[in-house]
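Peer 1: Dropping in structure_33.tsv, with TSV, C-alpha atoms.
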chain	number	residue	atom	x	y	z
Z	1	MET	CA	0.00	0.00	0.00
Z	2	TYR	CA	1.37	3.41	-0.93
Z	3	GLN	CA	2.04	5.85	1.88
Z	4	THR	CA	1.56	9.59	1.51
Z	5	ASN	CA	5.17	10.33	2.35
Z	6	GLN	CA	6.56	7.84	-0.16
Z	7	TYR	CA	8.51	8.83	-3.27
Z	8	GLU	CA	6.80	7.86	-6.47
Z	9	GLY	CA	7.63	8.38	-10.14
Z	10	MET	CA	6.97	6.76	-13.47
Z	11	ILE	CA	8.04	6.85	-17.08
Z	12	ALA	CA	5.59	5.87	-19.78
Z	13	GLU	CA	6.27	5.95	-23.50
Z	14	THR	CA	6.01	4.15	-26.81
Z	15	VAL	CA	8.97	1.95	-27.72
Z	16	SER	CA	9.98	-0.45	-30.47
Z	17	MET	CA	10.50	-4.14	-29.85
Z	18	ARG	CA	10.98	-7.30	-31.85
Z	19	GLY	CA	7.99	-9.58	-32.10
Z	20	HIS	CA	6.98	-12.59	-34.14
Z	21	ASN	CA	9.53	-13.55	-36.81
Z	22	GLY	CA	11.82	-10.80	-35.55
Z	23	ASP	CA	9.48	-8.10	-36.91
Z	24	VAL	CA	9.80	-4.68	-35.32
Z	25	ILE	CA	6.51	-3.58	-33.76
Z	26	ASN	CA	5.64	-0.83	-31.33
Z	27	ALA	CA	4.60	-1.17	-27.72
Z	28	TYR	CA	3.61	1.01	-24.80
Z	29	VAL	CA	5.81	0.77	-21.73
Z	30	ALA	CA	5.20	2.12	-18.24
Z	31	ARG	CA	7.73	1.64	-15.48
Z	32	PRO	CA	8.29	2.89	-11.98
Z	33	LEU	CA	11.36	5.06	-11.50
Z	34	GLY	CA	14.17	3.54	-9.54
Z	35	ALA	CA	16.88	0.94	-9.85
Z	36	GLY	CA	14.57	-1.95	-9.17
Z	37	PRO	CA	14.63	-4.80	-9.58
Z	38	PHE	CA	10.93	-4.72	-10.47
Z	39	PRO	CA	8.91	-7.65	-11.76
Z	40	GLY	CA	7.69	-7.37	-15.33
Z	41	MET	CA	4.18	-7.52	-16.73
Z	42	VAL	CA	3.05	-8.08	-20.31
Z	43	VAL	CA	-0.32	-6.38	-20.83
Z	44	ILE	CA	-2.40	-7.77	-23.72
Z	45	HIS	CA	-4.98	-5.50	-25.30
Z	46	HIS	CA	-8.45	-6.77	-26.15
Z	47	ALA	CA	-9.77	-7.57	-29.62
Z	48	PRO	CA	-11.33	-4.12	-30.19
Z	49	GLY	CA	-7.86	-2.63	-30.25
Z	50	TRP	CA	-4.73	-1.24	-28.66
Z	51	ASP	CA	-6.58	1.58	-27.00
Z	52	GLU	CA	-6.42	3.96	-24.07
Z	53	TRP	CA	-7.63	1.46	-21.47
Z	54	TYR	CA	-4.51	-0.67	-21.96
Z	55	ARG	CA	-2.20	2.30	-21.67
Z	56	GLU	CA	-3.91	3.13	-18.41
Z	57	CYS	CA	-3.68	-0.51	-17.41
Z	58	ALA	CA	0.08	-0.50	-18.10
Z	59	ARG	CA	0.43	2.61	-15.96
Z	60	ARG	CA	-1.63	0.97	-13.25
Z	61	PHE	CA	0.78	-1.94	-13.08
Z	62	ALA	CA	3.70	0.51	-13.03
Z	63	HIS	CA	2.03	2.34	-10.16
Z	64	HIS	CA	2.00	-0.95	-8.29
Z	65	GLY	CA	5.68	-1.53	-8.98
Z	66	TYR	CA	5.75	-3.54	-12.21
Z	67	VAL	CA	7.58	-2.71	-15.41
Z	68	SER	CA	4.79	-3.24	-17.90
Z	69	ILE	CA	4.72	-3.49	-21.65
Z	70	SER	CA	1.68	-3.58	-23.90
Z	71	PRO	CA	2.65	-4.68	-27.41
Z	72	ASN	CA	0.61	-3.46	-30.35
Z	73	LEU	CA	-0.63	-6.81	-31.65
Z	74	TYR	CA	-2.16	-5.05	-34.67
Z	75	PHE	CA	1.00	-3.24	-35.75
Z	76	ARG	CA	1.08	-5.10	-39.06
Z	77	ASP	CA	-2.55	-4.25	-39.84
Z	78	GLY	CA	-1.94	-0.59	-40.49
Z	79	HIS	CA	-2.16	2.58	-38.46
Z	80	GLY	CA	-4.96	4.93	-37.64
Z	81	SER	CA	-7.33	5.29	-34.74
Z	82	PRO	CA	-7.42	2.18	-32.49
Z	83	GLU	CA	-11.07	1.70	-33.50
Z	84	ASP	CA	-10.41	1.76	-37.25
Z	85	VAL	CA	-7.49	-0.64	-36.95
Z	86	GLY	CA	-9.43	-2.86	-34.54
Z	87	ALA	CA	-12.38	-2.97	-36.92
Z	88	LYS	CA	-10.06	-4.10	-39.70
Z	89	VAL	CA	-8.72	-6.95	-37.57
Z	90	ARG	CA	-12.25	-7.84	-36.45
Z	91	ALA	CA	-13.24	-8.26	-40.10
Z	92	ALA	CA	-10.23	-10.51	-40.66
Z	93	GLY	CA	-11.29	-12.86	-37.87
Z	94	GLY	CA	-8.89	-11.57	-35.24
Z	95	ALA	CA	-5.11	-11.72	-35.01
Z	96	PRO	CA	-3.56	-15.15	-35.69
Z	97	ASP	CA	-2.61	-17.02	-32.52
Z	98	ALA	CA	0.86	-17.90	-33.83
Z	99	ARG	CA	1.70	-14.26	-34.53
Z	100	VAL	CA	0.29	-13.12	-31.20
Z	101	LEU	CA	2.39	-15.68	-29.34
Z	102	GLY	CA	5.49	-14.51	-31.19
Z	103	ASP	CA	4.79	-10.92	-30.21
Z	104	LEU	CA	4.13	-11.82	-26.57
Z	105	ASP	CA	7.32	-13.85	-26.45
Z	106	GLY	CA	9.16	-10.81	-27.82
Z	107	ALA	CA	7.61	-8.58	-25.15
Z	108	ASN	CA	8.76	-10.97	-22.44
Z	109	ALA	CA	12.27	-11.01	-23.91
Z	110	TRP	CA	12.28	-7.22	-24.11
Z	111	LEU	CA	11.42	-6.98	-20.42
Z	112	ARG	CA	14.04	-9.52	-19.46
Z	113	SER	CA	16.73	-7.56	-21.28
Z	114	LEU	CA	16.28	-4.59	-18.93
Z	115	PRO	CA	18.68	-4.17	-16.01
Z	116	TYR	CA	15.92	-3.06	-13.65
Z	117	VAL	CA	13.57	-6.00	-14.29
Z	118	SER	CA	13.73	-8.92	-11.87
Z	119	ARG	CA	13.59	-12.53	-12.94
Z	120	LYS	CA	9.82	-12.66	-12.68
Z	121	VAL	CA	7.45	-11.69	-15.49
Z	122	GLY	CA	3.67	-12.09	-15.54
Z	123	ILE	CA	1.15	-11.75	-18.32
Z	124	PHE	CA	-2.24	-10.04	-18.09
Z	125	GLY	CA	-5.07	-9.97	-20.57
Z	126	THR	CA	-8.77	-9.27	-20.82
Z	127	CYS	CA	-11.35	-10.59	-23.25
Z	128	SER	CA	-9.48	-12.08	-26.23
Z	129	GLY	CA	-6.34	-11.01	-24.35
Z	130	GLY	CA	-7.41	-13.22	-21.45
Z	131	ARG	CA	-7.55	-16.13	-23.84
Z	132	GLN	CA	-4.16	-15.18	-25.26
Z	133	ALA	CA	-2.67	-14.81	-21.77
Z	134	PHE	CA	-3.70	-18.36	-20.95
Z	135	LEU	CA	-2.43	-19.55	-24.32
Z	136	ALA	CA	0.90	-17.84	-23.68
Z	137	GLY	CA	1.17	-19.45	-20.25
Z	138	CYS	CA	0.78	-22.82	-21.94
Z	139	ARG	CA	2.83	-22.29	-25.10
Z	140	LEU	CA	5.64	-19.95	-24.12
Z	141	LYS	CA	8.59	-20.46	-21.81
Z	142	GLY	CA	9.62	-18.00	-19.14
Z	143	LEU	CA	6.35	-16.68	-17.77
Z	144	ASP	CA	5.79	-16.74	-14.01
Z	145	ALA	CA	2.12	-15.83	-13.65
Z	146	VAL	CA	-0.97	-15.62	-15.85
Z	147	ILE	CA	-3.80	-13.19	-15.13
Z	148	GLU	CA	-6.75	-14.18	-17.28
Z	149	CYS	CA	-9.74	-11.87	-17.17
Z	150	TRP	CA	-12.87	-13.33	-18.75
Z	151	GLY	CA	-10.97	-15.10	-21.51
Z	152	GLY	CA	-13.67	-16.17	-23.92
Z	153	ARG	CA	-13.11	-18.93	-26.43
Z	154	VAL	CA	-10.58	-20.69	-24.20
Z	155	VAL	CA	-13.16	-23.42	-24.64
Z	156	GLN	CA	-14.00	-23.67	-28.34
Z	157	SER	CA	-16.15	-26.15	-30.20
Z	158	LYS	CA	-14.74	-27.58	-33.43
Z	159	GLU	CA	-17.09	-25.28	-35.36
Z	160	GLU	CA	-15.53	-22.25	-33.67
Z	161	LEU	CA	-11.97	-23.09	-34.71
Z	162	THR	CA	-10.64	-20.87	-37.48
Z	163	PRO	CA	-7.40	-20.61	-39.45
Z	164	ASN	CA	-6.35	-17.76	-37.16
Z	165	GLN	CA	-7.30	-19.63	-33.97
Z	166	PRO	CA	-6.88	-23.27	-34.99
Z	167	VAL	CA	-6.68	-24.89	-31.54
Z	168	ALA	CA	-8.83	-24.35	-28.45
Z	169	PRO	CA	-6.49	-23.11	-25.70
Z	170	ILE	CA	-8.07	-25.49	-23.18
Z	171	ASP	CA	-6.45	-28.32	-25.11
Z	172	TYR	CA	-3.04	-26.98	-24.07
Z	173	THR	CA	-3.83	-26.92	-20.33
Z	174	LYS	CA	-1.39	-29.71	-19.58
Z	175	GLU	CA	1.45	-27.45	-20.77
Z	176	LEU	CA	0.63	-24.52	-18.47
Z	177	SER	CA	3.92	-23.72	-16.77
Z	178	CYS	CA	2.98	-21.17	-14.08
Z	179	PRO	CA	0.21	-20.24	-11.61
Z	180	ILE	CA	-2.93	-18.64	-13.02
Z	181	ILE	CA	-5.67	-16.39	-11.65
Z	182	GLY	CA	-9.00	-16.20	-13.45
Z	183	ILE	CA	-11.52	-13.38	-13.05
Z	184	PHE	CA	-15.01	-14.01	-14.43
Z	185	GLY	CA	-18.51	-12.56	-14.38
Z	186	ASN	CA	-21.30	-15.04	-13.81
Z	187	GLU	CA	-23.53	-13.25	-16.33
Z	188	ASP	CA	-20.97	-13.48	-19.10
Z	189	LYS	CA	-21.99	-15.19	-22.33
Z	190	SER	CA	-18.41	-15.91	-23.37
Z	191	PRO	CA	-17.09	-17.49	-21.31
Z	192	THR	CA	-20.30	-18.84	-19.85
Z	193	PRO	CA	-20.17	-20.15	-16.26
Z	194	GLU	CA	-20.28	-23.66	-17.76
Z	195	GLN	CA	-17.22	-22.92	-19.88
Z	196	VAL	CA	-15.44	-21.53	-16.81
Z	197	ASN	CA	-16.33	-24.78	-15.03
Z	198	ALA	CA	-14.80	-26.78	-17.87
Z	199	HIS	CA	-11.70	-24.58	-17.82
Z	200	GLU	CA	-11.33	-25.06	-14.05
Z	201	ALA	CA	-11.91	-28.81	-14.28
Z	202	GLU	CA	-9.11	-29.13	-16.81
Z	203	LEU	CA	-6.71	-27.14	-14.60
Z	204	LYS	CA	-7.64	-29.34	-11.66
Z	205	LYS	CA	-7.24	-32.50	-13.70
Z	206	HIS	CA	-3.68	-31.58	-14.59
Z	207	GLY	CA	-2.77	-30.44	-11.06
Z	208	LYS	CA	-2.17	-26.80	-12.00
Z	209	GLN	CA	-1.89	-24.02	-9.45
Z	210	TYR	CA	-4.89	-21.79	-10.00
Z	211	GLU	CA	-7.43	-19.55	-8.34
Z	212	PHE	CA	-10.70	-18.56	-10.02
Z	213	HIS	CA	-12.89	-15.71	-8.80
Z	214	ARG	CA	-16.44	-15.51	-10.11
Z	215	TYR	CA	-18.64	-12.50	-9.58
Z	216	ASP	CA	-22.42	-12.35	-9.39
Z	217	GLY	CA	-24.03	-9.29	-10.92
Z	218	ALA	CA	-21.23	-8.95	-13.47
Z	219	GLY	CA	-21.00	-9.93	-17.09
Z	220	HIS	CA	-18.29	-9.56	-19.69
Z	221	GLY	CA	-15.68	-6.85	-19.33
Z	222	PHE	CA	-16.76	-5.55	-15.95
Z	223	PHE	CA	-13.41	-3.74	-15.37
Z	224	TYR	CA	-14.07	-1.39	-18.33
Z	225	TYR	CA	-15.11	1.87	-16.69
Z	226	ASP	CA	-15.96	3.30	-20.12
Z	227	ARG	CA	-18.53	0.64	-21.00
Z	228	PRO	CA	-21.98	-0.09	-19.56
Z	229	ALA	CA	-20.64	-3.48	-18.43
Z	230	TYR	CA	-18.60	-1.76	-15.68
Z	231	ARG	CA	-19.43	-3.01	-12.17
Z	232	GLN	CA	-17.72	-0.89	-9.57
Z	233	GLU	CA	-17.84	-3.18	-6.56
Z	234	GLN	CA	-16.85	-6.31	-8.47
Z	235	ALA	CA	-14.12	-4.47	-10.38
Z	236	VAL	CA	-12.54	-3.06	-7.24
Z	237	ASP	CA	-12.50	-6.47	-5.63
Z	238	GLY	CA	-11.23	-8.10	-8.82
Z	239	TRP	CA	-8.28	-5.71	-9.03
Z	240	LYS	CA	-7.45	-6.44	-5.38
Z	241	LYS	CA	-7.40	-10.14	-6.15
Z	242	VAL	CA	-5.18	-9.55	-9.19
Z	243	PHE	CA	-2.60	-7.53	-7.28
Z	244	ALA	CA	-2.60	-9.94	-4.32
Z	245	PHE	CA	-1.92	-12.75	-6.78
Z	246	CYS	CA	0.87	-10.77	-8.45
Z	247	GLU	CA	2.53	-10.00	-5.11
Z	248	LYS	CA	2.42	-13.69	-4.24
Z	249	THR	CA	3.74	-15.01	-7.53
Z	250	LEU	CA	6.04	-12.29	-8.87
Z	251	ARG	CA	7.81	-10.74	-5.85
O	1	MET	CA	-16.65	-11.62	-25.71
O	2	CYS	CA	-15.16	-11.37	-29.13
O	3	THR	CA	-17.23	-13.77	-31.17
O	4	MET	CA	-15.03	-13.58	-34.28
O	5	ILE	CA	-18.24	-13.84	-36.33
O	6	ALA	CA	-17.39	-11.69	-39.33
O	7	HIS	CA	-18.05	-11.82	-43.05
O	8	GLN	CA	-16.70	-9.66	-45.82
O	9	VAL	CA	-18.43	-8.89	-49.10
O	10	GLN	CA	-16.86	-7.10	-52.07
O	11	ILE	CA	-19.06	-4.20	-53.11
O	12	GLN	CA	-18.95	-1.13	-55.30
O	13	GLY	CA	-20.23	2.14	-53.99
O	14	ARG	CA	-19.35	5.37	-52.30
O	15	GLY	CA	-19.22	6.25	-48.65
O	16	LYS	CA	-18.83	9.52	-46.80
O	17	SER	CA	-16.37	9.84	-43.96
O	18	GLY	CA	-16.16	13.33	-42.48
O	19	LEU	CA	-16.55	15.77	-45.38
O	20	GLU	CA	-15.13	13.49	-48.03
O	21	TRP	CA	-16.59	10.77	-50.18
O	22	PHE	CA	-14.53	7.72	-51.07
O	23	ASP	CA	-14.88	4.54	-53.08
O	24	VAL	CA	-16.24	1.74	-50.93
O	25	ARG	CA	-14.88	-1.62	-52.01
O	26	GLU	CA	-15.69	-3.92	-49.11
O	27	ALA	CA	-18.41	-4.25	-46.49
O	28	ASN	CA	-17.39	-5.99	-43.28
O	29	VAL	CA	-20.36	-7.37	-41.38
O	30	SER	CA	-19.80	-8.74	-37.90
O	31	TYR	CA	-21.70	-9.69	-34.80
O	32	ASP	CA	-19.23	-8.73	-32.12
O	33	HIS	CA	-18.34	-5.96	-29.67
O	34	PRO	CA	-19.48	-2.54	-30.86
O	35	TYR	CA	-17.27	0.47	-30.13
O	36	ASP	CA	-19.92	2.98	-29.19
O	37	LEU	CA	-23.34	1.35	-28.95
O	38	PRO	CA	-23.89	0.50	-25.26
O	39	LEU	CA	-24.38	-3.23	-25.84
O	40	GLU	CA	-22.06	-6.15	-25.33
O	41	HIS	CA	-22.62	-7.35	-28.89
O	42	ALA	CA	-24.07	-5.67	-31.94
O	43	LEU	CA	-24.49	-6.11	-35.66
O	44	ASN	CA	-21.65	-4.00	-37.01
O	45	ILE	CA	-21.24	-2.91	-40.60
O	46	ASP	CA	-18.04	-1.25	-41.75
O	47	PHE	CA	-18.03	0.11	-45.28
O	48	VAL	CA	-14.34	0.31	-46.11
O	49	ASN	CA	-11.73	0.56	-48.81
O	50	GLU	CA	-8.81	-1.55	-47.64
O	51	ALA	CA	-6.52	-0.09	-50.27
O	52	LEU	CA	-6.88	3.34	-48.63
O	53	GLY	CA	-6.00	2.15	-45.11
O	54	PRO	CA	-7.95	1.59	-41.88
O	55	GLY	CA	-9.25	5.17	-41.78
O	56	ALA	CA	-11.33	4.72	-44.93
O	57	ARG	CA	-14.30	3.45	-42.99
O	58	VAL	CA	-17.94	4.29	-42.53
O	59	ALA	CA	-19.21	2.42	-39.50
O	60	VAL	CA	-22.64	1.65	-38.13
O	61	GLU	CA	-23.46	-0.40	-35.04
O	62	LEU	CA	-27.00	-1.78	-34.76
O	63	SER	CA	-29.05	-3.71	-32.27
O	64	VAL	CA	-30.30	-7.06	-33.52
O	65	ASP	CA	-33.79	-5.68	-33.96
O	66	ALA	CA	-32.54	-2.64	-35.87
O	67	ALA	CA	-30.39	-4.85	-38.10
O	68	ARG	CA	-33.32	-7.10	-38.96
O	69	GLN	CA	-35.52	-4.08	-39.70
O	70	LEU	CA	-32.82	-2.65	-41.94
O	71	VAL	CA	-32.48	-5.89	-43.92
O	72	ARG	CA	-36.26	-6.05	-44.41
O	73	THR	CA	-36.39	-2.41	-45.43
O	74	ILE	CA	-33.61	-2.72	-48.00
O	75	GLU	CA	-35.28	-5.77	-49.51
O	76	ALA	CA	-38.63	-3.96	-49.58
O	77	VAL	CA	-37.18	-0.89	-51.28
O	78	LEU	CA	-35.38	-2.98	-53.89
O	79	ALA	CA	-38.54	-5.01	-54.53
O	80	GLN	CA	-40.57	-1.85	-54.97
O	81	ALA	CA	-38.05	-0.41	-57.41
O	82	ASP	CA	-37.97	-3.69	-59.31
O	83	GLN	CA	-41.75	-3.71	-59.47
O	84	ARG	CA	-41.73	-0.26	-61.01
O	85	GLY	CA	-39.03	-1.26	-63.47
O	86	VAL	CA	-36.53	1.33	-62.30
O	87	LEU	CA	-33.78	-0.93	-60.97
O	88	GLU	CA	-30.46	-0.02	-62.58
O	89	ASP	CA	-28.27	-3.06	-62.16
O	90	LEU	CA	-25.27	-1.44	-63.80
O	91	PRO	CA	-21.60	-1.62	-62.80
O	92	VAL	CA	-20.33	1.37	-60.83
O	93	VAL	CA	-17.40	3.27	-62.21
O	94	ALA	CA	-14.69	3.89	-59.63
O	95	ALA	CA	-14.17	7.48	-58.57
O	96	PRO	CA	-10.92	9.26	-59.38
O	97	ALA	CA	-8.31	8.80	-56.67
O	98	ARG	CA	-9.48	10.63	-53.60
O	99	GLY	CA	-10.41	9.64	-50.11
O	100	PRO	CA	-10.59	10.64	-46.50
O	101	SER	CA	-7.33	11.43	-44.78
O	102	VAL	CA	-5.84	8.15	-43.72
O	103	ALA	CA	-2.76	7.42	-41.72
Kindly transcribe the structure held in the file into structure tokens.
Peer 2:
Amino acid sequence: MYQTNQYEGMIAETVSMRGHNGDVINAYVARPLGAGPFPGMVVIHHAPGWDEWYRECARRFAHHGYVSISPNLYFRDGHGSPEDVGAKVRAAGGAPDARVLGDLDGANAWLRSLPYVSRKVGIFGTCSGGRQAFLAGCRLKGLDAVIECWGGRVVQSKEELTPNQPVAPIDYTKELSCPIIGIFGNEDKSPTPEQVNAHEAELKKHGKQYEFHRYDGAGHGFFYYDRPAYRQEQAVDGWKKVFAFCEKTLR
Amino acid sequence: MCTMIAHQVQIQGRGKSGLEWFDVREANVSYDHPYDLPLEHALNIDFVNEALGPGARVAVELSVDAARQLVRTIEAVLAQADQRGVLEDLPVVAAPARGPSVA
């Protein structure tokens, strides 16, 4: 908990990093001032785009003592307003999983190259980013914590598989290599409570370290203060759970 | 949640974005998160020209009921025009190079 007589400072800016296939993409970085070492956090934006909420989210993690990076997963899809670029990717069926994983791996490597980042790096995502955070925890090496917020389509029927998302992430559960926290709204349609049950059962089956928190009176995206889905009480509690989990797994 | 339910159709027409008209070449129709309509999911139509970049876009976000009404209305208008023999099913000539400012 911050004290009123405590020094606090932060730097936040856009940087370049290498992502999938060594491509240069841009990313937003927020870090606390000081020598560190600070744990790192990869912040994954949602499907609608690399928008203001994720910059604020990166700064929020920095405020809590994490060097955070939010890679622009749509860098290759052109530039313009986050909405226009997001709409283009939406029409294309979303970003390909393989490319996303390459970019997230690059973000992790970027963090680990910094002298003020400790040996611990977590990954946070909401919505499609929640799905991708779980996927990254299963498919990538070198992540120490997964924060999955309402990751829809972790459970996918065969009919829902697409060339861009060819495998349901739940099928990779066995490979999950770090603890995971899941935050879900019980009124969500994707993931439904039944899908969250299936997700949890698979984690349990494979003996993974997990904690799931499910909120009544909340649906999809209840952290988004700029959407009608926002639920103040549940969001405040959810963030507390997230930071408690991060302190436990990344410090 | 992102449904990833999206279809694209190649079309010929013009759209207005800001003060400028531009050639519309594709319509992207999705049932997914809207950006502005206060619903979790909506029927979204983006009239775009991919060759001009992401900014060449005229967007509408509709409730399911509004979308169904729109489909019925378009069909009704086309049927009426057909009935009167005024349908002009002719190819559209592309406009000279111009477009909204795109990044």
Peer 1: Counting all atoms listed in the file, what is within 6 Å of stretch 112-116 of chain Z, bar same-chain residues fewer than 5 positions away, as a list in words?
Peer 2: Ala35, Gly36 and Pro37 of chain Z
Peer 1: May I ask which of the residues Z:Asp77, Z:Glu148, Z:Asp103, Z:Glu211 is the closest one to chain O, counting all atoms listed in the file?
Peer 2: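 Of all the options, Z:Asp77 lies closest to chain O.
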Peer 1: To test the calculation: enclose all listed atoms of stretch 51-56 of chain O in a box whose edges run along x, y and z, add 4 Å on each side, then state centre and edge lengths in Å to one decimal, as JSON.
Peer 2:
{"center_x": -8.7, "center_y": 2.5, "center_z": -46.0, "size_x": 13.3, "size_y": 13.3, "size_z": 16.5}
Peer 1: Residues of chain O within 9 Å of chain Z, using all atoms listed in the file, as an MDAnalysis selection string?
Peer 2: chainID O and resid 1:8 28:30 32:36 38:40 46 48 50 53:57 102:103
Peer 1: Using only C-alpha atoms, determine which residues lie at most 7 Å from stretch 17-22 of chain Z, disregarding the query and same-chain residues fewer than 6 positions distant; provide the list as a list in words.
Peer 2: Arg99, Gly102, Asp103, Gly106 and Trp110 of chain Z
Peer 1: In Å, with one decimal, what is the gap from atom CA of Z:Asp171 to atom CA of Z:Ala109?
Peer 2: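 Computed distance, atom CA of Z:Asp171 to atom CA of Z:Ala109, equals 25.5 Å.
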Peer 1: Can you tell me how far atom CA of O:Gln10 sits from atom CA of O:Val71, in Å to one decimal?
Peer 2: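 Atom-to-atom, atom CA of O:Gln10 and atom CA of O:Val71 are spaced 17.7 Å apart.
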Peer 1: For O:Pro91, please output as JSON, numbers by chain all residues within 12 Å (counting all atoms listed in the file; exclusion window: fewer than 3 positions along the same chain).
Peer 2: {"O": [11, 12, 13, 88, 94]}
Peer 1: At what distance in Å, to one decimal, does atom CA of Z:Asp23 lie from atom CA of O:Arg25?
Peer 2: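 Atom CA of O:Arg25 sits 29.4 Å away from atom CA of Z:Asp23.
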Peer 1: Could you list, as a list in words, every residue within 9 Å of Z:Phe212, counting only C-alpha atoms and ignoring same-chain residues fewer than 5 positions away?
Peer 2: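 My list of contacting residues is Ile180, Ile181, Gly182, Ile183, Phe184, Val196 and Glu200 of chain Z.
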Peer 1: May I have the residues within 10 Å of stretch 144-146 of chain Z as a PyMOL selection string, using all atoms listed in the file and disregarding those fewer than 2 positions away in the same chain?
Peer 2: chain Z and resi 39-42+119-125+130+132-138+141-142+148-149+176-182+210+242+245-246+248-250
Peer 1: Would you mind telling me which residue in O:Leu19, O:Ala27, O:Ala67, O:Val77 lies nearest to O:Ala42 when using only C-alpha atoms?
Peer 2: O:Ala67
Peer 1: Just checking: using all atoms listed in the file, which residue out of O:Gly85, O:Asn44, O:Ser63, O:Val58 ends up closest to O:Trp21?
Peer 2: O:Val58
Peer 1: Using all atoms listed in the file, can you tell me which of Z:Ile69, Z:Ala218, Z:Ala168, Z:Leu143 comes closest to Z:Gly238?
Peer 2: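 Closest candidate: Z:Ala218.
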